[in-house]
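**Student:** My questions will all concern the structure given below.
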Amino acid sequence: MNYEETKALLEEKGQLQLLKYYDELSEDEKSELLKSIELIDLSLPEILSNPELSNKRGVIEPLDAVTLGDIEKNRDEYEKIGIEALKQEKVGAILLAGGQGTRLGYDKPKGTFNVGINKDLYIFQCLINNMMDVVNVTGAWIPLAIMTSDINNADTIAFFEEHDYFGYNKDYVFFFIQDMAPATDRDGKIYLATKSKPVMSPNGNGGWYTSFVNAGLLEEFDKFGVEWLNVFAVDNVLQRIADPCFVGATIKSGCVGGAKVVSKAFPEEKVGLLCIEDGKPSIVEYYEMTDEMMYSKDENGRPLYNYGVILNYIFRVDELNRIINEKLPIHVVEKKIPHIDENGEQVNPTEPNGFKFEMLVLDLIHLMKDCLSYEVDRRKEFAPIKNLAGVDSLESARELLAENGVEL
Ligand code: UTP
């Protein structure tokens, strides 16, 4: 698009502020700006004035899980099935590491954060160590694809290279880059990062499969014979990845996917719950929960809506291929967004000052035919590092790592 076409489009979309400094720019900067505007999905900010375009809920019901007790009874059988699948390289792993980790206040890729006290122990290293536990049992490497963003891709790859992939087999590690979305002020006007660059940020973790396929990695994983993908977050340093028991239980259940869940610690806990919505599996966010959902009990006195997701899912690849063209809802998230103001001055807000637009992996669950809800022990498998201190923090994760015998 040339200048005139871009201007007409922005005028129509109410985003003319993006051209405010156009006349001050060099020829290169001008074409850089026009190119980046062309790549923006300008329909995203329109969600702010049309909330009906975002997520609408159906009829919610509880979904039972395979409990810790059920799993213990069947562990041998599940593990046998899982180990066999892993030996045949039927299971791949997808590490979602495209986020910005703003709550942690660390401006490098979150996986490069050092959780060690007396020695170095990086988040990426914890995850690789956890995968090595499985590799050591099965004798087979697990293909691993790491999703990054334009912002952290180069640093992430350099970090793995520098640390020699923490002993993992490099031939089984792939990187791919997720898409970006614009960030706006509270009125839906897209911010400028510089005079020639709109503020763009990663568009959430929900588009991972499309980005994985577009990067040609489905073909790469096909070469190994991968039929299942275990998707997980970067920041849970205790999670079991490609866990043979989880893999085996999901295969045995006949479901096309599975989600690791933990029992809620207390009714108001801020965790997304795996439920049934209009007859299909679905995750209800904590802020969408009614009081009835929070406090209802079943006949054994346990919370009726009890199982929270920990961002560790397994999907059958053919099911992902079936749903790949379905639209995911867009979540509007309030964030602190550094930008330049109308005088061209840099602003670094200390409080949220606008919105980002994200698709979330949890919404994929509702597109699936079914999903096994698989309970894990939160003190053994759930130590997310979102903040420096307090809930889900470096502090709490260190305590849990130590409790599980990890040297720090
Ligand atoms: P979070 O919801 O914790 O988001 O991501 P975040 O961006 O990392 O952190 P905050 O909210 O700014 O503090 C959960 C998982 O999804 C990945 C993250 O890297 C993390 O593993 N993610 C998030 C992506 O891969 N891409 C995204 O656009 C967002």
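Just so we're on the same page: first chain in the structure tokens is A, next is B, and so on; residues restart at 1 for each chain, and ligands are numbered from 1 in the order they show up.
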Contacts of stretch 115-117 of chain A at 10 Å or less, counting only C-alpha atoms, minus same-chain residues fewer than 6 places along, as number ranges by chain?

**Tutor:** A: 123, 125-126, 237, 385, 394-395, 397-398, 401, 406-408

**Student:** Could you write out that same residue set with C-alpha atoms as a short mmCIF file (atom, residue, chain, number, x, y, z; two decimals), in the first residue's frame?

**Tutor:**
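And here is the file that came out, result_2.cif:
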data_model
loop_
_atom_site.label_atom_id
_atom_site.label_comp_id
_atom_site.auth_asym_id
_atom_site.auth_seq_id
_atom_site.Cartn_x
_atom_site.Cartn_y
_atom_site.Cartn_z
CA ILE A 123 14.21 -21.96 33.71
CA GLN A 125 17.45 -25.82 32.01
CA CYS A 126 14.80 -26.99 34.52
CA VAL A 237 9.63 -25.33 36.45
CA ILE A 385 7.05 -18.32 38.05
CA LEU A 394 10.26 -17.13 42.15
CA GLU A 395 10.03 -17.50 45.93
CA ALA A 397 8.85 -21.99 42.96
CA ARG A 398 12.20 -22.20 44.77
CA LEU A 401 11.84 -27.12 43.74
CA VAL A 406 16.11 -30.09 43.07
CA GLU A 407 19.41 -28.51 44.09
CA LEU A 408 19.38 -24.76 43.82
#

**Student:** Please extract the residues at most 6 Å from ligand 1, counting only C-alpha atoms and all ligand atoms, and provide them as a list in words, using the chain letters and residue numbers of this document.

**Tutor:**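 Selection of residues at most 6 Å from ligand 1: Leu96, Ala97, Gly98, Gly99, Gln100, Gly101, Thr102, Arg103, Leu104, Pro202, Asn203, Gly204, Asn205, Ala233, Val234, Asp235 and Lys386 of chain A.
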
**Student:** Would you put the residues from that selection into a file with N, CA, C and O atoms, as a PDB file, in the first residue's frame?

**Tutor:**
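Saved as again_19.pdb:
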ATOM      1  N   LEU A  96       5.838 -23.195  24.876  1.00  0.00           N
ATOM      2  CA  LEU A  96       5.329 -21.851  24.558  1.00  0.00           C
ATOM      3  C   LEU A  96       6.202 -20.827  25.275  1.00  0.00           C
ATOM      4  O   LEU A  96       6.117 -20.681  26.500  1.00  0.00           O
ATOM      5  N   ALA A  97       7.045 -20.154  24.516  1.00  0.00           N
ATOM      6  CA  ALA A  97       7.980 -19.217  25.144  1.00  0.00           C
ATOM      7  C   ALA A  97       7.991 -17.888  24.393  1.00  0.00           C
ATOM      8  O   ALA A  97       9.021 -17.227  24.285  1.00  0.00           O
ATOM      9  N   GLY A  98       6.816 -17.510  23.876  1.00  0.00           N
ATOM     10  CA  GLY A  98       6.727 -16.270  23.109  1.00  0.00           C
ATOM     11  C   GLY A  98       6.236 -15.093  23.944  1.00  0.00           C
ATOM     12  O   GLY A  98       6.173 -13.973  23.464  1.00  0.00           O
ATOM     13  N   GLY A  99       5.897 -15.357  25.212  1.00  0.00           N
ATOM     14  CA  GLY A  99       5.346 -14.297  26.061  1.00  0.00           C
ATOM     15  C   GLY A  99       6.421 -13.306  26.478  1.00  0.00           C
ATOM     16  O   GLY A  99       7.621 -13.531  26.271  1.00  0.00           O
ATOM     17  N   GLN A 100       5.973 -12.200  27.086  1.00  0.00           N
ATOM     18  CA  GLN A 100       6.929 -11.157  27.473  1.00  0.00           C
ATOM     19  C   GLN A 100       7.245 -11.178  28.957  1.00  0.00           C
ATOM     20  O   GLN A 100       8.136 -10.467  29.407  1.00  0.00           O
ATOM     21  N   GLY A 101       6.499 -12.000  29.698  1.00  0.00           N
ATOM     22  CA  GLY A 101       6.782 -12.147  31.126  1.00  0.00           C
ATOM     23  C   GLY A 101       6.843 -10.814  31.861  1.00  0.00           C
ATOM     24  O   GLY A 101       7.703 -10.607  32.706  1.00  0.00           O
ATOM     25  N   THR A 102       5.902  -9.928  31.557  1.00  0.00           N
ATOM     26  CA  THR A 102       5.992  -8.573  32.136  1.00  0.00           C
ATOM     27  C   THR A 102       5.863  -8.574  33.653  1.00  0.00           C
ATOM     28  O   THR A 102       6.485  -7.761  34.328  1.00  0.00           O
ATOM     29  N   ARG A 103       5.081  -9.536  34.197  1.00  0.00           N
ATOM     30  CA  ARG A 103       4.893  -9.530  35.650  1.00  0.00           C
ATOM     31  C   ARG A 103       6.197  -9.800  36.392  1.00  0.00           C
ATOM     32  O   ARG A 103       6.416  -9.349  37.489  1.00  0.00           O
ATOM     33  N   LEU A 104       7.068 -10.573  35.753  1.00  0.00           N
ATOM     34  CA  LEU A 104       8.344 -10.883  36.398  1.00  0.00           C
ATOM     35  C   LEU A 104       9.292  -9.681  36.327  1.00  0.00           C
ATOM     36  O   LEU A 104      10.263  -9.595  37.098  1.00  0.00           O
ATOM     37  N   PRO A 202       3.356  -9.887  21.205  1.00  0.00           N
ATOM     38  CA  PRO A 202       2.945 -11.252  20.844  1.00  0.00           C
ATOM     39  C   PRO A 202       1.436 -11.421  21.005  1.00  0.00           C
ATOM     40  O   PRO A 202       0.846 -10.888  21.953  1.00  0.00           O
ATOM     41  N   ASN A 203       0.801 -12.140  20.067  1.00  0.00           N
ATOM     42  CA  ASN A 203      -0.676 -12.176  20.039  1.00  0.00           C
ATOM     43  C   ASN A 203      -1.275 -13.304  20.876  1.00  0.00           C
ATOM     44  O   ASN A 203      -2.317 -13.849  20.533  1.00  0.00           O
ATOM     45  N   GLY A 204      -0.579 -13.672  21.954  1.00  0.00           N
ATOM     46  CA  GLY A 204      -1.099 -14.723  22.834  1.00  0.00           C
ATOM     47  C   GLY A 204      -0.558 -16.083  22.419  1.00  0.00           C
ATOM     48  O   GLY A 204       0.099 -16.219  21.391  1.00  0.00           O
ATOM     49  N   ASN A 205      -0.857 -17.079  23.255  1.00  0.00           N
ATOM     50  CA  ASN A 205      -0.294 -18.410  22.953  1.00  0.00           C
ATOM     51  C   ASN A 205      -1.263 -19.285  22.151  1.00  0.00           C
ATOM     52  O   ASN A 205      -0.961 -20.428  21.850  1.00  0.00           O
ATOM     53  N   ALA A 233       3.753 -24.459  29.185  1.00  0.00           N
ATOM     54  CA  ALA A 233       4.224 -23.089  29.402  1.00  0.00           C
ATOM     55  C   ALA A 233       5.684 -23.085  29.823  1.00  0.00           C
ATOM     56  O   ALA A 233       6.194 -24.064  30.360  1.00  0.00           O
ATOM     57  N   VAL A 234       6.334 -21.939  29.601  1.00  0.00           N
ATOM     58  CA  VAL A 234       7.749 -21.849  29.931  1.00  0.00           C
ATOM     59  C   VAL A 234       7.971 -21.767  31.438  1.00  0.00           C
ATOM     60  O   VAL A 234       9.022 -22.164  31.938  1.00  0.00           O
ATOM     61  N   ASP A 235       6.958 -21.277  32.186  1.00  0.00           N
ATOM     62  CA  ASP A 235       7.319 -20.857  33.533  1.00  0.00           C
ATOM     63  C   ASP A 235       7.017 -21.837  34.664  1.00  0.00           C
ATOM     64  O   ASP A 235       7.281 -21.542  35.810  1.00  0.00           O
ATOM     65  N   LYS A 386       5.482 -16.490  37.852  1.00  0.00           N
ATOM     66  CA  LYS A 386       4.853 -15.344  37.186  1.00  0.00           C
ATOM     67  C   LYS A 386       5.397 -14.036  37.764  1.00  0.00           C
ATOM     68  O   LYS A 386       5.536 -13.059  37.053  1.00  0.00           O
TER      69      LYS A 386
END

**Student:** Check stretch 24-186 of chain A with DSSP on the backbone and list each residue it calls strand (DSSP E), as a VMD selection string.

**Tutor:** chain A and resid 60 to 62 91 to 96 144 to 148 173 to 177 180 to 182 184 to 185

**Student:** Could you tell me, as a ChimeraX atom specification, which residues of stretch 74-253 of chain A DSSP assigns to helix (DSSP H, G or I) when given the backbone?

**Tutor:** /A:74-87,102-104,110-112,123-138,153-162,164-167,170-172,208-214,217-224,244-253

**Student:** Got a sec: who's within 8 Å of stretch 279-287 of chain A, counting only C-alpha atoms, leaving out chain neighbours fewer than 2 positions off, as a list in words?

**Tutor:** Leu63, Glu268, Glu269, Lys270, Val271, Gly272, Leu273, Leu274, Cys275, Ile276, Glu277, Met289, Val309, Leu362, Asp363, Ile365, His366, Leu367, Met368, Lys369, Asp370 and Cys371 of chain A

**Student:** For the selection you just gave me, I'd like the residues written to a file as a compact mmCIF listing (two decimals), in the first residue's frame, keeping C-alpha atoms.

**Tutor:**
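Once everything was written out, this is selection_26.txt:
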# COMPACT_ATOMS: atom_id res chain seq x y z
CA LEU A 63 -16.29 -32.08 34.29
CA GLU A 268 -11.62 -18.24 45.05
CA GLU A 269 -8.30 -19.43 43.61
CA LYS A 270 -7.42 -17.57 40.38
CA VAL A 271 -7.16 -20.53 38.08
CA GLY A 272 -9.02 -21.47 34.88
CA LEU A 273 -11.33 -24.45 35.42
CA LEU A 274 -11.79 -27.33 33.00
CA CYS A 275 -15.56 -27.75 32.60
CA ILE A 276 -18.14 -28.72 30.01
CA GLU A 277 -19.70 -25.94 27.95
CA MET A 289 -16.96 -17.77 37.55
CA VAL A 309 -5.68 -26.14 34.40
CA LEU A 362 -7.11 -22.77 26.50
CA ASP A 363 -9.73 -21.84 23.87
CA ILE A 365 -9.89 -27.08 24.22
CA HIS A 366 -13.46 -26.05 23.42
CA LEU A 367 -12.92 -26.88 19.76
CA MET A 368 -11.86 -30.41 20.61
CA LYS A 369 -14.28 -33.31 20.55
CA ASP A 370 -13.31 -34.30 24.08
CA CYS A 371 -10.52 -33.88 26.60

**Student:** I want to know what sits within 9 Å of stretch 23-29 of chain A, based on only C-alpha atoms, with residues of the same chain fewer than 3 positions away left out; could you give that as a list in words?

**Tutor:**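 Residues near the query, excluding close chain neighbours: Leu19, Lys20, Glu32, Leu33, Leu34, Lys195, Ser196 and Lys197 of chain A.
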
**Student:** Give the answer as one residue: which of A:Ile142, A:Gln17, A:Lys90, A:Asn236 has the shortest atom-to-atom distance to A:Gly344, using only C-alpha atoms?

**Tutor:**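 Nearest to A:Gly344: A:Gln17.
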
**Student:** Would you mind listing what lies within 10 Å of A:Glu89 as number ranges by chain, with only C-alpha atoms counted and same-chain residues fewer than 6 positions away left out?

**Tutor:** A: 83, 138, 140-143, 221-228

**Student:** Store the residues of this selection in a file with N, CA and C atoms, as an mmCIF file, in the first residue's frame.

**Tutor:**
data_model
loop_
_atom_site.group_PDB
_atom_site.id
_atom_site.type_symbol
_atom_site.label_atom_id
_atom_site.label_comp_id
_atom_site.auth_asym_id
_atom_site.auth_seq_id
_atom_site.Cartn_x
_atom_site.Cartn_y
_atom_site.Cartn_z
ATOM 1 N N ILE A 83 5.066 -45.122 27.507
ATOM 2 C CA ILE A 83 6.474 -45.375 27.175
ATOM 3 C C ILE A 83 6.578 -45.954 25.759
ATOM 4 N N THR A 138 12.885 -43.853 28.511
ATOM 5 C CA THR A 138 12.437 -44.463 27.245
ATOM 6 C C THR A 138 13.591 -44.752 26.297
ATOM 7 N N ALA A 140 14.522 -42.689 24.133
ATOM 8 C CA ALA A 140 14.225 -42.002 22.862
ATOM 9 C C ALA A 140 14.133 -40.495 23.104
ATOM 10 N N TRP A 141 14.710 -39.714 22.187
ATOM 11 C CA TRP A 141 14.589 -38.256 22.289
ATOM 12 C C TRP A 141 13.161 -37.849 21.936
ATOM 13 N N ILE A 142 12.737 -36.753 22.519
ATOM 14 C CA ILE A 142 11.389 -36.229 22.226
ATOM 15 C C ILE A 142 11.564 -34.990 21.354
ATOM 16 N N PRO A 143 10.993 -34.984 20.144
ATOM 17 C CA PRO A 143 11.097 -33.766 19.320
ATOM 18 C C PRO A 143 10.496 -32.583 20.081
ATOM 19 N N PHE A 221 8.010 -32.806 12.125
ATOM 20 C CA PHE A 221 7.550 -33.718 13.167
ATOM 21 C C PHE A 221 6.955 -34.992 12.552
ATOM 22 N N ASP A 222 6.366 -34.837 11.367
ATOM 23 C CA ASP A 222 5.842 -36.009 10.646
ATOM 24 C C ASP A 222 6.946 -37.012 10.348
ATOM 25 N N LYS A 223 8.137 -36.487 10.063
ATOM 26 C CA LYS A 223 9.259 -37.380 9.749
ATOM 27 C C LYS A 223 9.572 -38.301 10.935
ATOM 28 N N PHE A 224 9.349 -37.784 12.152
ATOM 29 C CA PHE A 224 9.572 -38.636 13.334
ATOM 30 C C PHE A 224 8.395 -39.589 13.555
ATOM 31 N N GLY A 225 7.253 -39.265 12.950
ATOM 32 C CA GLY A 225 6.046 -40.071 13.173
ATOM 33 C C GLY A 225 5.220 -39.556 14.340
ATOM 34 N N VAL A 226 5.363 -38.255 14.662
ATOM 35 C CA VAL A 226 4.641 -37.685 15.808
ATOM 36 C C VAL A 226 3.125 -37.678 15.567
ATOM 37 N N GLU A 227 2.375 -38.193 16.533
ATOM 38 C CA GLU A 227 0.906 -38.208 16.446
ATOM 39 C C GLU A 227 0.251 -37.361 17.540
ATOM 40 N N TRP A 228 1.046 -37.042 18.581
ATOM 41 C CA TRP A 228 0.526 -36.278 19.720
ATOM 42 C C TRP A 228 1.456 -35.110 20.010
#

**Student:** Residues at most 9 Å from stretch 73-80 of chain A, counting only C-alpha atoms, excluding those fewer than 5 positions away in the same chain, as JSON, numbers by chain?

**Tutor:** {"A": [68, 85, 243, 244, 245, 246, 247, 248, 249, 250, 251, 252]}

**Student:** Take the selection from the previous step and output its residues with N, CA, C and O atoms, as a short mmCIF file (atom, residue, chain, number, x, y, z; two decimals), in the first residue's frame.

**Tutor:**
data_model
loop_
_atom_site.label_atom_id
_atom_site.label_comp_id
_atom_site.auth_asym_id
_atom_site.auth_seq_id
_atom_site.Cartn_x
_atom_site.Cartn_y
_atom_site.Cartn_z
N LEU A 68 -6.06 -38.42 41.31
CA LEU A 68 -4.76 -38.97 41.72
C LEU A 68 -4.91 -40.44 42.12
O LEU A 68 -4.06 -41.28 41.78
N ALA A 85 4.55 -45.41 23.24
CA ALA A 85 4.31 -44.31 22.29
C ALA A 85 5.55 -43.42 22.19
O ALA A 85 5.94 -42.99 21.09
N ASP A 243 5.01 -36.70 29.89
CA ASP A 243 4.91 -37.61 31.03
C ASP A 243 4.26 -38.92 30.55
O ASP A 243 3.10 -38.93 30.11
N PRO A 244 5.00 -40.04 30.62
CA PRO A 244 4.47 -41.29 30.06
C PRO A 244 3.10 -41.67 30.63
O PRO A 244 2.25 -42.18 29.91
N CYS A 245 2.88 -41.39 31.92
CA CYS A 245 1.60 -41.78 32.53
C CYS A 245 0.45 -40.96 31.95
O CYS A 245 -0.63 -41.50 31.63
N PHE A 246 0.66 -39.67 31.78
CA PHE A 246 -0.35 -38.78 31.19
C PHE A 246 -0.61 -39.18 29.73
O PHE A 246 -1.76 -39.28 29.29
N VAL A 247 0.47 -39.41 29.00
CA VAL A 247 0.33 -39.82 27.59
C VAL A 247 -0.48 -41.11 27.51
O VAL A 247 -1.45 -41.23 26.76
N GLY A 248 -0.10 -42.08 28.35
CA GLY A 248 -0.76 -43.39 28.32
C GLY A 248 -2.23 -43.29 28.72
O GLY A 248 -3.10 -43.91 28.10
N ALA A 249 -2.51 -42.48 29.76
CA ALA A 249 -3.90 -42.34 30.22
C ALA A 249 -4.75 -41.71 29.12
O ALA A 249 -5.90 -42.11 28.91
N THR A 250 -4.18 -40.74 28.41
CA THR A 250 -4.95 -40.08 27.34
C THR A 250 -5.21 -41.06 26.20
O THR A 250 -6.33 -41.16 25.69
N ILE A 251 -4.17 -41.78 25.81
CA ILE A 251 -4.35 -42.75 24.71
C ILE A 251 -5.42 -43.78 25.12
O ILE A 251 -6.35 -44.08 24.37
N LYS A 252 -5.26 -44.30 26.33
CA LYS A 252 -6.18 -45.33 26.81
C LYS A 252 -7.63 -44.82 26.87
O LYS A 252 -8.58 -45.55 26.59
#

**Student:** Give me, as an mmCIF file with N, CA and C atoms, in the first residue's frame, all polymer residues having an atom no more than 8 Å from A:Ile190, counting only C-alpha atoms and skipping those fewer than 6 positions away in the same chain.

**Tutor:**
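And here is the file that came out, out.cif:
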data_model
loop_
_atom_site.group_PDB
_atom_site.id
_atom_site.type_symbol
_atom_site.label_atom_id
_atom_site.label_comp_id
_atom_site.auth_asym_id
_atom_site.auth_seq_id
_atom_site.Cartn_x
_atom_site.Cartn_y
_atom_site.Cartn_z
ATOM 1 N N GLN A 15 -7.466 5.300 12.892
ATOM 2 C CA GLN A 15 -6.108 5.070 13.408
ATOM 3 C C GLN A 15 -5.087 6.015 12.756
ATOM 4 N N GLN A 17 -3.526 8.437 13.794
ATOM 5 C CA GLN A 17 -2.386 8.845 14.644
ATOM 6 C C GLN A 17 -1.101 8.117 14.265
ATOM 7 N N LEU A 18 -1.239 6.969 13.605
ATOM 8 C CA LEU A 18 -0.027 6.204 13.233
ATOM 9 C C LEU A 18 0.815 6.960 12.205
ATOM 10 N N PRO A 45 -8.620 -3.733 17.315
ATOM 11 C CA PRO A 45 -9.088 -2.688 18.237
ATOM 12 C C PRO A 45 -10.601 -2.479 18.180
ATOM 13 N N PRO A 182 -1.338 -5.557 17.463
ATOM 14 C CA PRO A 182 -1.080 -4.180 17.928
ATOM 15 C C PRO A 182 -1.509 -3.987 19.379
ATOM 16 N N ALA A 183 -0.925 -2.980 20.025
ATOM 17 C CA ALA A 183 -1.347 -2.614 21.388
ATOM 18 C C ALA A 183 -1.914 -1.201 21.324
ATOM 19 N N THR A 184 -3.011 -0.980 22.059
ATOM 20 C CA THR A 184 -3.712 0.310 21.945
ATOM 21 C C THR A 184 -3.840 1.021 23.287
ATOM 22 N N PRO A 198 4.648 1.128 14.942
ATOM 23 C CA PRO A 198 3.545 0.903 15.882
ATOM 24 C C PRO A 198 3.984 -0.071 16.984
ATOM 25 N N VAL A 199 3.332 0.010 18.156
ATOM 26 C CA VAL A 199 3.638 -0.959 19.216
ATOM 27 C C VAL A 199 2.967 -2.286 18.867
#

**Student:** Give me, please, the distance in Å between atom CA of A:Ile310 and atom CA of A:Val262, quoted to one decimal.

**Tutor:**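 Separation between atom CA of A:Ile310 and atom CA of A:Val262: 7.3 Å.
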
**Student:** Here is a test: counting only C-alpha atoms, which residue of A:Val347, A:Met200, A:Leu42, A:Met131 is nearest to A:Asp150?

**Tutor:**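 With only C-alpha atoms as the atom set, the closest residue is A:Met200.
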
**Student:** Closest to A:Asp318 among A:Leu229, A:Ile81, A:Ala93, A:Val332, using only C-alpha atoms?

**Tutor:**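 Using only C-alpha atoms, the shortest distance to A:Asp318 belongs to A:Leu229.
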
**Student:** Compare A:Asn130, A:Val231, A:Lys110, A:Ile37 by their minimum atom-to-atom distance to A:Asn387, counting only C-alpha atoms, and give me the closest one.

**Tutor:**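 Between A:Asn130, A:Val231, A:Lys110, A:Ile37, the residue approaching A:Asn387 most closely is A:Lys110.
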